[in-house]
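S.K.: Sharing upload08.pdb here; it has PDB, N, CA and C atoms.
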```
ATOM      1  N   MET Z   1     -15.629  16.986   1.796
ATOM      2  CA  MET Z   1     -14.468  16.119   1.700
ATOM      3  C   MET Z   1     -13.303  16.809   2.390
ATOM      4  N   ASN Z   2     -12.511  16.031   3.110
ATOM      5  CA  ASN Z   2     -11.384  16.576   3.856
ATOM      6  C   ASN Z   2     -10.068  16.296   3.144
ATOM      7  N   PHE Z   3      -9.229  17.338   3.105
ATOM      8  CA  PHE Z   3      -7.911  17.256   2.488
ATOM      9  C   PHE Z   3      -6.896  17.926   3.393
ATOM     10  N   THR Z   4      -5.641  17.547   3.241
ATOM     11  CA  THR Z   4      -4.546  18.336   3.786
ATOM     12  C   THR Z   4      -3.600  18.614   2.623
ATOM     13  N   LEU Z   5      -3.013  19.795   2.632
ATOM     14  CA  LEU Z   5      -2.097  20.191   1.568
ATOM     15  C   LEU Z   5      -0.769  20.578   2.186
ATOM     16  N   GLU Z   6       0.294  19.982   1.661
ATOM     17  CA  GLU Z   6       1.651  20.278   2.103
ATOM     18  C   GLU Z   6       2.515  20.520   0.878
ATOM     19  N   HIS Z   7       3.678  21.091   1.111
ATOM     20  CA  HIS Z   7       4.642  21.308   0.039
ATOM     21  C   HIS Z   7       5.942  20.604   0.410
ATOM     22  N   HIS Z   8       6.451  19.798  -0.526
ATOM     23  CA  HIS Z   8       7.706  19.056  -0.336
ATOM     24  C   HIS Z   8       8.535  19.169  -1.608
ATOM     25  N   ASN Z   9       9.741  19.676  -1.495
ATOM     26  CA  ASN Z   9      10.689  19.707  -2.616
ATOM     27  C   ASN Z   9      10.072  20.265  -3.899
ATOM     28  N   GLY Z  10       9.307  21.333  -3.791
ATOM     29  CA  GLY Z  10       8.713  21.958  -4.961
ATOM     30  C   GLY Z  10       7.454  21.290  -5.480
ATOM     31  N   CYS Z  11       6.983  20.250  -4.802
ATOM     32  CA  CYS Z  11       5.751  19.559  -5.200
ATOM     33  C   CYS Z  11       4.657  19.845  -4.177
ATOM     34  N   GLN Z  12       3.442  19.908  -4.661
ATOM     35  CA  GLN Z  12       2.296  19.979  -3.768
ATOM     36  C   GLN Z  12       1.886  18.549  -3.436
ATOM     37  N   VAL Z  13       1.564  18.300  -2.180
ATOM     38  CA  VAL Z  13       1.110  16.976  -1.760
ATOM     39  C   VAL Z  13      -0.281  17.137  -1.157
ATOM     40  N   LEU Z  14      -1.267  16.591  -1.837
ATOM     41  CA  LEU Z  14      -2.653  16.649  -1.401
ATOM     42  C   LEU Z  14      -3.033  15.282  -0.840
ATOM     43  N   SER Z  15      -3.339  15.238   0.449
ATOM     44  CA  SER Z  15      -3.733  13.982   1.084
ATOM     45  C   SER Z  15      -5.247  13.948   1.230
ATOM     46  N   VAL Z  16      -5.860  12.908   0.704
ATOM     47  CA  VAL Z  16      -7.305  12.733   0.804
ATOM     48  C   VAL Z  16      -7.593  12.065   2.142
ATOM     49  N   GLN Z  17      -8.387  12.730   2.976
ATOM     50  CA  GLN Z  17      -8.681  12.252   4.322
ATOM     51  C   GLN Z  17     -10.070  11.618   4.392
ATOM     52  N   GLU Z  18     -10.356  10.740   3.461
ATOM     53  CA  GLU Z  18     -11.658  10.053   3.398
ATOM     54  C   GLU Z  18     -11.415   8.577   3.122
ATOM     55  N   GLU Z  19     -12.356   7.722   3.546
ATOM     56  CA  GLU Z  19     -12.241   6.295   3.252
ATOM     57  C   GLU Z  19     -12.868   5.932   1.923
ATOM     58  N   ARG Z  20     -13.728   6.795   1.406
ATOM     59  CA  ARG Z  20     -14.425   6.509   0.154
ATOM     60  C   ARG Z  20     -14.347   7.721  -0.771
ATOM     61  N   ILE Z  21     -14.144   7.449  -2.043
ATOM     62  CA  ILE Z  21     -14.306   8.462  -3.082
ATOM     63  C   ILE Z  21     -15.369   7.907  -4.015
ATOM     64  N   ASP Z  22     -16.533   8.518  -3.954
ATOM     65  CA  ASP Z  22     -17.657   8.013  -4.735
ATOM     66  C   ASP Z  22     -18.495   9.187  -5.246
ATOM     67  N   ALA Z  23     -19.675   8.889  -5.739
ATOM     68  CA  ALA Z  23     -20.531   9.915  -6.345
ATOM     69  C   ALA Z  23     -20.875  11.042  -5.368
ATOM     70  N   HIS Z  24     -20.844  10.768  -4.068
ATOM     71  CA  HIS Z  24     -21.207  11.786  -3.079
ATOM     72  C   HIS Z  24     -20.127  12.845  -2.875
ATOM     73  N   ASN Z  25     -18.869  12.497  -3.132
ATOM     74  CA  ASN Z  25     -17.805  13.462  -2.858
ATOM     75  C   ASN Z  25     -16.799  13.641  -3.993
ATOM     76  N   SER Z  26     -17.001  12.972  -5.107
ATOM     77  CA  SER Z  26     -16.031  13.064  -6.207
ATOM     78  C   SER Z  26     -15.993  14.465  -6.821
ATOM     79  N   ILE Z  27     -17.102  15.181  -6.803
ATOM     80  CA  ILE Z  27     -17.108  16.545  -7.342
ATOM     81  C   ILE Z  27     -16.219  17.446  -6.486
ATOM     82  N   ALA Z  28     -16.259  17.254  -5.165
ATOM     83  CA  ALA Z  28     -15.391  18.035  -4.275
ATOM     84  C   ALA Z  28     -13.923  17.727  -4.547
ATOM     85  N   LEU Z  29     -13.612  16.462  -4.804
ATOM     86  CA  LEU Z  29     -12.239  16.085  -5.131
ATOM     87  C   LEU Z  29     -11.807  16.734  -6.441
ATOM     88  N   LYS Z  30     -12.634  16.646  -7.451
ATOM     89  CA  LYS Z  30     -12.298  17.237  -8.750
ATOM     90  C   LYS Z  30     -12.073  18.741  -8.616
ATOM     91  N   THR Z  31     -12.942  19.410  -7.886
ATOM     92  CA  THR Z  31     -12.812  20.853  -7.682
ATOM     93  C   THR Z  31     -11.495  21.192  -6.993
ATOM     94  N   GLU Z  32     -11.159  20.434  -5.952
ATOM     95  CA  GLU Z  32      -9.912  20.672  -5.216
ATOM     96  C   GLU Z  32      -8.689  20.424  -6.105
ATOM     97  N   LEU Z  33      -8.711  19.352  -6.859
ATOM     98  CA  LEU Z  33      -7.587  19.057  -7.755
ATOM     99  C   LEU Z  33      -7.389  20.174  -8.765
ATOM    100  N   LEU Z  34      -8.475  20.589  -9.407
ATOM    101  CA  LEU Z  34      -8.367  21.629 -10.431
ATOM    102  C   LEU Z  34      -7.895  22.946  -9.828
ATOM    103  N   GLN Z  35      -8.388  23.263  -8.639
ATOM    104  CA  GLN Z  35      -7.965  24.494  -7.964
ATOM    105  C   GLN Z  35      -6.469  24.461  -7.651
ATOM    106  N   GLN Z  36      -5.991  23.358  -7.109
ATOM    107  CA  GLN Z  36      -4.569  23.258  -6.771
ATOM    108  C   GLN Z  36      -3.694  23.291  -8.019
ATOM    109  N   LEU Z  37      -4.132  22.660  -9.085
ATOM    110  CA  LEU Z  37      -3.351  22.650 -10.323
ATOM    111  C   LEU Z  37      -3.297  24.023 -10.961
ATOM    112  N   GLU Z  38      -4.389  24.777 -10.891
ATOM    113  CA  GLU Z  38      -4.397  26.128 -11.454
ATOM    114  C   GLU Z  38      -3.519  27.061 -10.643
ATOM    115  N   GLN Z  39      -3.514  26.918  -9.326
ATOM    116  CA  GLN Z  39      -2.725  27.790  -8.457
ATOM    117  C   GLN Z  39      -1.249  27.439  -8.453
ATOM    118  N   GLY Z  40      -0.965  26.125  -8.399
ATOM    119  CA  GLY Z  40       0.413  25.729  -8.180
ATOM    120  C   GLY Z  40       1.181  25.304  -9.404
ATOM    121  N   GLY Z  41       0.497  24.748 -10.391
ATOM    122  CA  GLY Z  41       1.231  24.195 -11.526
ATOM    123  C   GLY Z  41       2.176  23.099 -11.062
ATOM    124  N   GLY Z  42       3.118  22.744 -11.856
ATOM    125  CA  GLY Z  42       4.099  21.736 -11.468
ATOM    126  C   GLY Z  42       3.489  20.382 -11.197
ATOM    127  N   THR Z  43       4.020  19.703 -10.187
ATOM    128  CA  THR Z  43       3.576  18.353  -9.853
ATOM    129  C   THR Z  43       2.662  18.376  -8.637
ATOM    130  N   LEU Z  44       1.535  17.711  -8.768
ATOM    131  CA  LEU Z  44       0.617  17.510  -7.653
ATOM    132  C   LEU Z  44       0.633  16.025  -7.326
ATOM    133  N   ILE Z  45       1.038  15.715  -6.103
ATOM    134  CA  ILE Z  45       1.066  14.333  -5.629
ATOM    135  C   ILE Z  45      -0.177  14.130  -4.777
ATOM    136  N   VAL Z  46      -0.977  13.135  -5.133
ATOM    137  CA  VAL Z  46      -2.201  12.852  -4.398
ATOM    138  C   VAL Z  46      -1.994  11.578  -3.581
ATOM    139  N   GLN Z  47      -2.078  11.737  -2.265
ATOM    140  CA  GLN Z  47      -1.935  10.592  -1.360
ATOM    141  C   GLN Z  47      -3.308   9.980  -1.105
ATOM    142  N   LEU Z  48      -3.410   8.690  -1.294
ATOM    143  CA  LEU Z  48      -4.681   7.982  -1.139
ATOM    144  C   LEU Z  48      -4.607   6.916  -0.048
ATOM    145  N   ALA Z  49      -3.744   7.098   0.929
ATOM    146  CA  ALA Z  49      -3.515   6.083   1.959
ATOM    147  C   ALA Z  49      -4.773   5.729   2.740
ATOM    148  N   GLN Z  50      -5.651   6.694   2.973
ATOM    149  CA  GLN Z  50      -6.848   6.430   3.775
ATOM    150  C   GLN Z  50      -8.015   5.924   2.945
ATOM    151  N   VAL Z  51      -7.911   6.023   1.628
ATOM    152  CA  VAL Z  51      -9.021   5.650   0.749
ATOM    153  C   VAL Z  51      -9.071   4.131   0.603
ATOM    154  N   ARG Z  52     -10.220   3.557   0.954
ATOM    155  CA  ARG Z  52     -10.418   2.103   0.871
ATOM    156  C   ARG Z  52     -11.356   1.703  -0.261
ATOM    157  N   PHE Z  53     -12.057   2.692  -0.838
ATOM    158  CA  PHE Z  53     -13.017   2.415  -1.908
ATOM    159  C   PHE Z  53     -13.046   3.592  -2.867
ATOM    160  N   ILE Z  54     -13.096   3.295  -4.159
ATOM    161  CA  ILE Z  54     -13.256   4.329  -5.176
ATOM    162  C   ILE Z  54     -14.168   3.770  -6.261
ATOM    163  N   ASP Z  55     -15.080   4.607  -6.740
ATOM    164  CA  ASP Z  55     -15.954   4.166  -7.831
ATOM    165  C   ASP Z  55     -15.595   4.937  -9.098
ATOM    166  N   SER Z  56     -16.397   4.753 -10.141
ATOM    167  CA  SER Z  56     -16.083   5.358 -11.431
ATOM    168  C   SER Z  56     -16.084   6.882 -11.377
ATOM    169  N   SER Z  57     -16.924   7.474 -10.550
ATOM    170  CA  SER Z  57     -16.922   8.941 -10.458
ATOM    171  C   SER Z  57     -15.639   9.435  -9.789
ATOM    172  N   GLY Z  58     -15.127   8.687  -8.824
ATOM    173  CA  GLY Z  58     -13.851   9.041  -8.196
ATOM    174  C   GLY Z  58     -12.698   8.898  -9.166
ATOM    175  N   LEU Z  59     -12.705   7.817  -9.951
ATOM    176  CA  LEU Z  59     -11.676   7.645 -10.978
ATOM    177  C   LEU Z  59     -11.758   8.769 -12.006
ATOM    178  N   GLY Z  60     -12.979   9.162 -12.350
ATOM    179  CA  GLY Z  60     -13.175  10.255 -13.299
ATOM    180  C   GLY Z  60     -12.629  11.576 -12.777
ATOM    181  N   ALA Z  61     -12.812  11.835 -11.482
ATOM    182  CA  ALA Z  61     -12.286  13.063 -10.884
ATOM    183  C   ALA Z  61     -10.761  13.093 -10.963
ATOM    184  N   LEU Z  62     -10.135  11.969 -10.646
ATOM    185  CA  LEU Z  62      -8.668  11.891 -10.735
ATOM    186  C   LEU Z  62      -8.193  12.036 -12.175
ATOM    187  N   LEU Z  63      -8.920  11.439 -13.101
ATOM    188  CA  LEU Z  63      -8.561  11.529 -14.512
ATOM    189  C   LEU Z  63      -8.691  12.973 -15.015
ATOM    190  N   SER Z  64      -9.706  13.692 -14.567
ATOM    191  CA  SER Z  64      -9.853  15.113 -14.928
ATOM    192  C   SER Z  64      -8.664  15.921 -14.429
ATOM    193  N   GLY Z  65      -8.245  15.617 -13.196
ATOM    194  CA  GLY Z  65      -7.067  16.290 -12.654
ATOM    195  C   GLY Z  65      -5.816  15.977 -13.453
ATOM    196  N   HIS Z  66      -5.679  14.731 -13.859
ATOM    197  CA  HIS Z  66      -4.536  14.303 -14.665
ATOM    198  C   HIS Z  66      -4.495  15.078 -15.984
ATOM    199  N   LYS Z  67      -5.637  15.185 -16.641
ATOM    200  CA  LYS Z  67      -5.710  15.909 -17.917
ATOM    201  C   LYS Z  67      -5.428  17.393 -17.731
ATOM    202  N   GLN Z  68      -5.975  17.984 -16.673
ATOM    203  CA  GLN Z  68      -5.757  19.407 -16.398
ATOM    204  C   GLN Z  68      -4.277  19.681 -16.129
ATOM    205  N   ALA Z  69      -3.643  18.793 -15.380
ATOM    206  CA  ALA Z  69      -2.211  18.961 -15.094
ATOM    207  C   ALA Z  69      -1.411  18.964 -16.386
ATOM    208  N   ALA Z  70      -1.721  18.042 -17.283
ATOM    209  CA  ALA Z  70      -1.004  17.963 -18.558
ATOM    210  C   ALA Z  70      -1.208  19.234 -19.379
ATOM    211  N   LEU Z  71      -2.408  19.794 -19.346
ATOM    212  CA  LEU Z  71      -2.679  21.033 -20.083
ATOM    213  C   LEU Z  71      -1.857  22.199 -19.562
ATOM    214  N   HIS Z  72      -1.527  22.181 -18.264
ATOM    215  CA  HIS Z  72      -0.752  23.262 -17.648
ATOM    216  C   HIS Z  72       0.741  22.936 -17.602
ATOM    217  N   GLY Z  73       1.155  21.870 -18.277
ATOM    218  CA  GLY Z  73       2.565  21.508 -18.300
ATOM    219  C   GLY Z  73       3.050  20.846 -17.032
ATOM    220  N   GLY Z  74       2.129  20.389 -16.201
ATOM    221  CA  GLY Z  74       2.502  19.709 -14.960
ATOM    222  C   GLY Z  74       2.096  18.261 -15.008
ATOM    223  N   LYS Z  75       2.009  17.668 -13.830
ATOM    224  CA  LYS Z  75       1.510  16.303 -13.775
ATOM    225  C   LYS Z  75       0.902  16.013 -12.420
ATOM    226  N   LEU Z  76       0.043  15.020 -12.428
ATOM    227  CA  LEU Z  76      -0.612  14.544 -11.224
ATOM    228  C   LEU Z  76      -0.185  13.094 -11.033
ATOM    229  N   VAL Z  77       0.380  12.803  -9.874
ATOM    230  CA  VAL Z  77       0.815  11.443  -9.577
ATOM    231  C   VAL Z  77       0.127  10.960  -8.310
ATOM    232  N   LEU Z  78       0.046   9.653  -8.158
ATOM    233  CA  LEU Z  78      -0.664   9.044  -7.042
ATOM    234  C   LEU Z  78       0.293   8.243  -6.177
ATOM    235  N   VAL Z  79       0.062   8.276  -4.851
ATOM    236  CA  VAL Z  79       0.885   7.503  -3.922
ATOM    237  C   VAL Z  79       0.008   6.832  -2.868
ATOM    238  N   ASN Z  80       0.580   5.794  -2.262
ATOM    239  CA  ASN Z  80      -0.048   5.094  -1.137
ATOM    240  C   ASN Z  80      -1.437   4.557  -1.454
ATOM    241  N   ILE Z  81      -1.573   3.915  -2.596
ATOM    242  CA  ILE Z  81      -2.871   3.374  -2.982
ATOM    243  C   ILE Z  81      -3.066   2.011  -2.322
ATOM    244  N   GLN Z  82      -4.168   1.863  -1.617
ATOM    245  CA  GLN Z  82      -4.505   0.614  -0.950
ATOM    246  C   GLN Z  82      -4.910  -0.449  -1.973
ATOM    247  N   PRO Z  83      -4.675  -1.731  -1.670
ATOM    248  CA  PRO Z  83      -4.943  -2.808  -2.638
ATOM    249  C   PRO Z  83      -6.339  -2.796  -3.276
ATOM    250  N   PRO Z  84      -7.428  -2.577  -2.520
ATOM    251  CA  PRO Z  84      -8.740  -2.584  -3.195
ATOM    252  C   PRO Z  84      -8.891  -1.452  -4.212
ATOM    253  N   VAL Z  85      -8.282  -0.320  -3.907
ATOM    254  CA  VAL Z  85      -8.348   0.826  -4.819
ATOM    255  C   VAL Z  85      -7.433   0.574  -6.013
ATOM    256  N   LEU Z  86      -6.257   0.043  -5.760
ATOM    257  CA  LEU Z  86      -5.328  -0.263  -6.849
ATOM    258  C   LEU Z  86      -5.953  -1.254  -7.828
ATOM    259  N   SER Z  87      -6.729  -2.194  -7.316
ATOM    260  CA  SER Z  87      -7.370  -3.149  -8.216
ATOM    261  C   SER Z  87      -8.338  -2.458  -9.169
ATOM    262  N   MET Z  88      -8.989  -1.384  -8.724
ATOM    263  CA  MET Z  88      -9.867  -0.624  -9.621
ATOM    264  C   MET Z  88      -9.050   0.040 -10.735
ATOM    265  N   PHE Z  89      -7.882   0.549 -10.393
ATOM    266  CA  PHE Z  89      -7.012   1.137 -11.415
ATOM    267  C   PHE Z  89      -6.559   0.080 -12.409
ATOM    268  N   GLU Z  90      -6.273  -1.110 -11.920
ATOM    269  CA  GLU Z  90      -5.828  -2.190 -12.796
ATOM    270  C   GLU Z  90      -6.957  -2.700 -13.689
ATOM    271  N   ILE Z  91      -8.153  -2.856 -13.127
ATOM    272  CA  ILE Z  91      -9.304  -3.318 -13.907
ATOM    273  C   ILE Z  91      -9.610  -2.360 -15.047
ATOM    274  N   THR Z  92      -9.538  -1.058 -14.751
ATOM    275  CA  THR Z  92      -9.842  -0.033 -15.755
ATOM    276  C   THR Z  92      -8.622   0.346 -16.592
ATOM    277  N   ARG Z  93      -7.489  -0.252 -16.257
ATOM    278  CA  ARG Z  93      -6.206   0.015 -16.926
ATOM    279  C   ARG Z  93      -5.721   1.458 -16.753
ATOM    280  N   LEU Z  94      -6.258   2.152 -15.771
ATOM    281  CA  LEU Z  94      -5.786   3.504 -15.482
ATOM    282  C   LEU Z  94      -4.412   3.488 -14.811
ATOM    283  N   ASN Z  95      -3.979   2.322 -14.363
ATOM    284  CA  ASN Z  95      -2.623   2.218 -13.832
ATOM    285  C   ASN Z  95      -1.584   2.455 -14.929
ATOM    286  N   ARG Z  96      -2.012   2.394 -16.181
ATOM    287  CA  ARG Z  96      -1.122   2.688 -17.311
ATOM    288  C   ARG Z  96      -1.126   4.179 -17.651
ATOM    289  N   VAL Z  97      -2.101   4.900 -17.125
ATOM    290  CA  VAL Z  97      -2.232   6.330 -17.397
ATOM    291  C   VAL Z  97      -1.515   7.147 -16.324
ATOM    292  N   PHE Z  98      -1.722   6.765 -15.075
ATOM    293  CA  PHE Z  98      -1.161   7.513 -13.942
ATOM    294  C   PHE Z  98       0.215   6.993 -13.563
ATOM    295  N   GLU Z  99       1.045   7.907 -13.064
ATOM    296  CA  GLU Z  99       2.262   7.492 -12.374
ATOM    297  C   GLU Z  99       1.827   7.146 -10.961
ATOM    298  N   ILE Z 100       2.086   5.913 -10.542
ATOM    299  CA  ILE Z 100       1.678   5.438  -9.219
ATOM    300  C   ILE Z 100       2.918   4.996  -8.462
ATOM    301  N   TYR Z 101       3.071   5.527  -7.235
ATOM    302  CA  TYR Z 101       4.227   5.209  -6.405
ATOM    303  C   TYR Z 101       3.775   4.589  -5.093
ATOM    304  N   THR Z 102       4.639   3.776  -4.523
ATOM    305  CA  THR Z 102       4.342   3.077  -3.282
ATOM    306  C   THR Z 102       4.205   4.038  -2.112
ATOM    307  N   ASP Z 103       5.105   5.025  -2.043
ATOM    308  CA  ASP Z 103       5.054   5.969  -0.924
ATOM    309  C   ASP Z 103       5.527   7.349  -1.375
ATOM    310  N   LEU Z 104       5.398   8.298  -0.478
ATOM    311  CA  LEU Z 104       5.716   9.690  -0.797
ATOM    312  C   LEU Z 104       7.195   9.881  -1.130
ATOM    313  N   ASP Z 105       8.074   9.231  -0.379
ATOM    314  CA  ASP Z 105       9.508   9.381  -0.636
ATOM    315  C   ASP Z 105       9.861   8.931  -2.061
ATOM    316  N   GLU Z 106       9.296   7.816  -2.490
ATOM    317  CA  GLU Z 106       9.540   7.315  -3.847
ATOM    318  C   GLU Z 106       9.046   8.317  -4.888
ATOM    319  N   ALA Z 107       7.870   8.885  -4.656
ATOM    320  CA  ALA Z 107       7.306   9.861  -5.597
ATOM    321  C   ALA Z 107       8.148  11.132  -5.650
ATOM    322  N   LEU Z 108       8.586  11.612  -4.507
ATOM    323  CA  LEU Z 108       9.406  12.828  -4.474
ATOM    324  C   LEU Z 108      10.741  12.599  -5.154
ATOM    325  N   THR Z 109      11.347  11.457  -4.938
ATOM    326  CA  THR Z 109      12.616  11.131  -5.590
ATOM    327  C   THR Z 109      12.446  11.097  -7.103
ATOM    328  N   ALA Z 110      11.345  10.534  -7.581
ATOM    329  CA  ALA Z 110      11.098  10.434  -9.015
ATOM    330  C   ALA Z 110      10.840  11.799  -9.647
ATOM    331  N   GLN Z 111      10.364  12.758  -8.866
ATOM    332  CA  GLN Z 111      10.066  14.085  -9.391
ATOM    333  C   GLN Z 111      11.282  14.999  -9.402
ATOM    334  N   ALA Z 112      12.318  14.609  -8.675
ATOM    335  CA  ALA Z 112      13.517  15.471  -8.560
ATOM    336  C   ALA Z 112      14.314  15.515  -9.833
TER     337      ALA Z 112
END
```
Rewrite the structure from the file as structure tokens, please.
M.R.:
Amino acid sequence: MNFTLEHHNGCQVLSVQEERIDAHNSIALKTELLQQLEQGGGTLIVQLAQVRFIDSSGLGALLSGHKQAALHGGKLVLVNIQPPVLSMFEITRLNRVFEIYTDLDEALTAQA
């Protein structure tokens, strides 16, 4: 799985560079999220602009990251979610669990 990691205003921004998050790569996502949360603490912003499909294992990986962030006193937020992926969050009601922002600027402003 491909990622890019940047730092903006004290937040880590992890961009997922894949069109699908499913059983084949969700373990790699979970591992990367947990690694970044252990190293950086604070807020981890996950950009999902390129992701067009997510299944239950992908949602589970993000949820694990969310829980790990809370345990370390930080948080994991999501940005740039495409409509088909957002519908999965709405169906599972995970949109009530995660902080979801339209774009990176909105997420960074909310974290300040």
S.K.: Taking into account all atoms listed in the file, which residue in the set Z:Ala49, Z:Ala112, Z:Met1, Z:Ala69 is nearest to Leu29 in chain Z?
M.R.: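 The answer is Z:Met1, which sits nearest to Leu29 in chain Z.
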S.K.: Which residues are close to Leu34 in chain Z, i.e. within 12 Å by only C-alpha atoms, leaving aside same-chain residues fewer than 6 positions away? Reply as a PyMOL selection string.
M.R.: chain Z and resi 14+27-28+40-41+44+61-72+74-76
S.K.: Which parts of range 20-68 of chain Z does DSSP call strand (DSSP E) when run on the backbone here, written out as a ChimeraX atom specification?
M.R.: /Z:20-21,43-47,53-54
S.K.: Choose the residue, out of Z:Ile81, Z:Met88, Z:Val97, Z:Ile21, that has the smallest atom-to-atom separation from Asp55 in chain Z; count all atoms listed in the file.
M.R.: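 Between Z:Ile81, Z:Met88, Z:Val97, Z:Ile21, the residue approaching Asp55 in chain Z most closely is Z:Ile21.
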S.K.: Go ahead and compute the interatomic distance for atom N of Asp22 in chain Z and atom N of Gly10 in chain Z, in Å to one decimal.
M.R.: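 Rounded to one decimal, the two atoms are 28.8 Å apart.
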S.K.: What are the centre and edge lengths in Å, to one decimal, of the axis-aligned box around all listed atoms of range 10-22 of chain Z with 5 Å added on each side, as AutoDock Vina command-line options?
M.R.:
```
--center_x -4.6 --center_y 13.9 --center_z -0.5 --size_x 37.8 --size_y 26.0 --size_z 19.9
```
S.K.: Excluding Leu86 in chain Z and its own-chain neighbours fewer than 6 positions away, which residues fall within 12 Å of it when counting only C-alpha atoms? Please give them as a PyMOL selection string.
M.R.: chain Z and resi 48-49+51-55+59+78-80+92-96+98+100-102
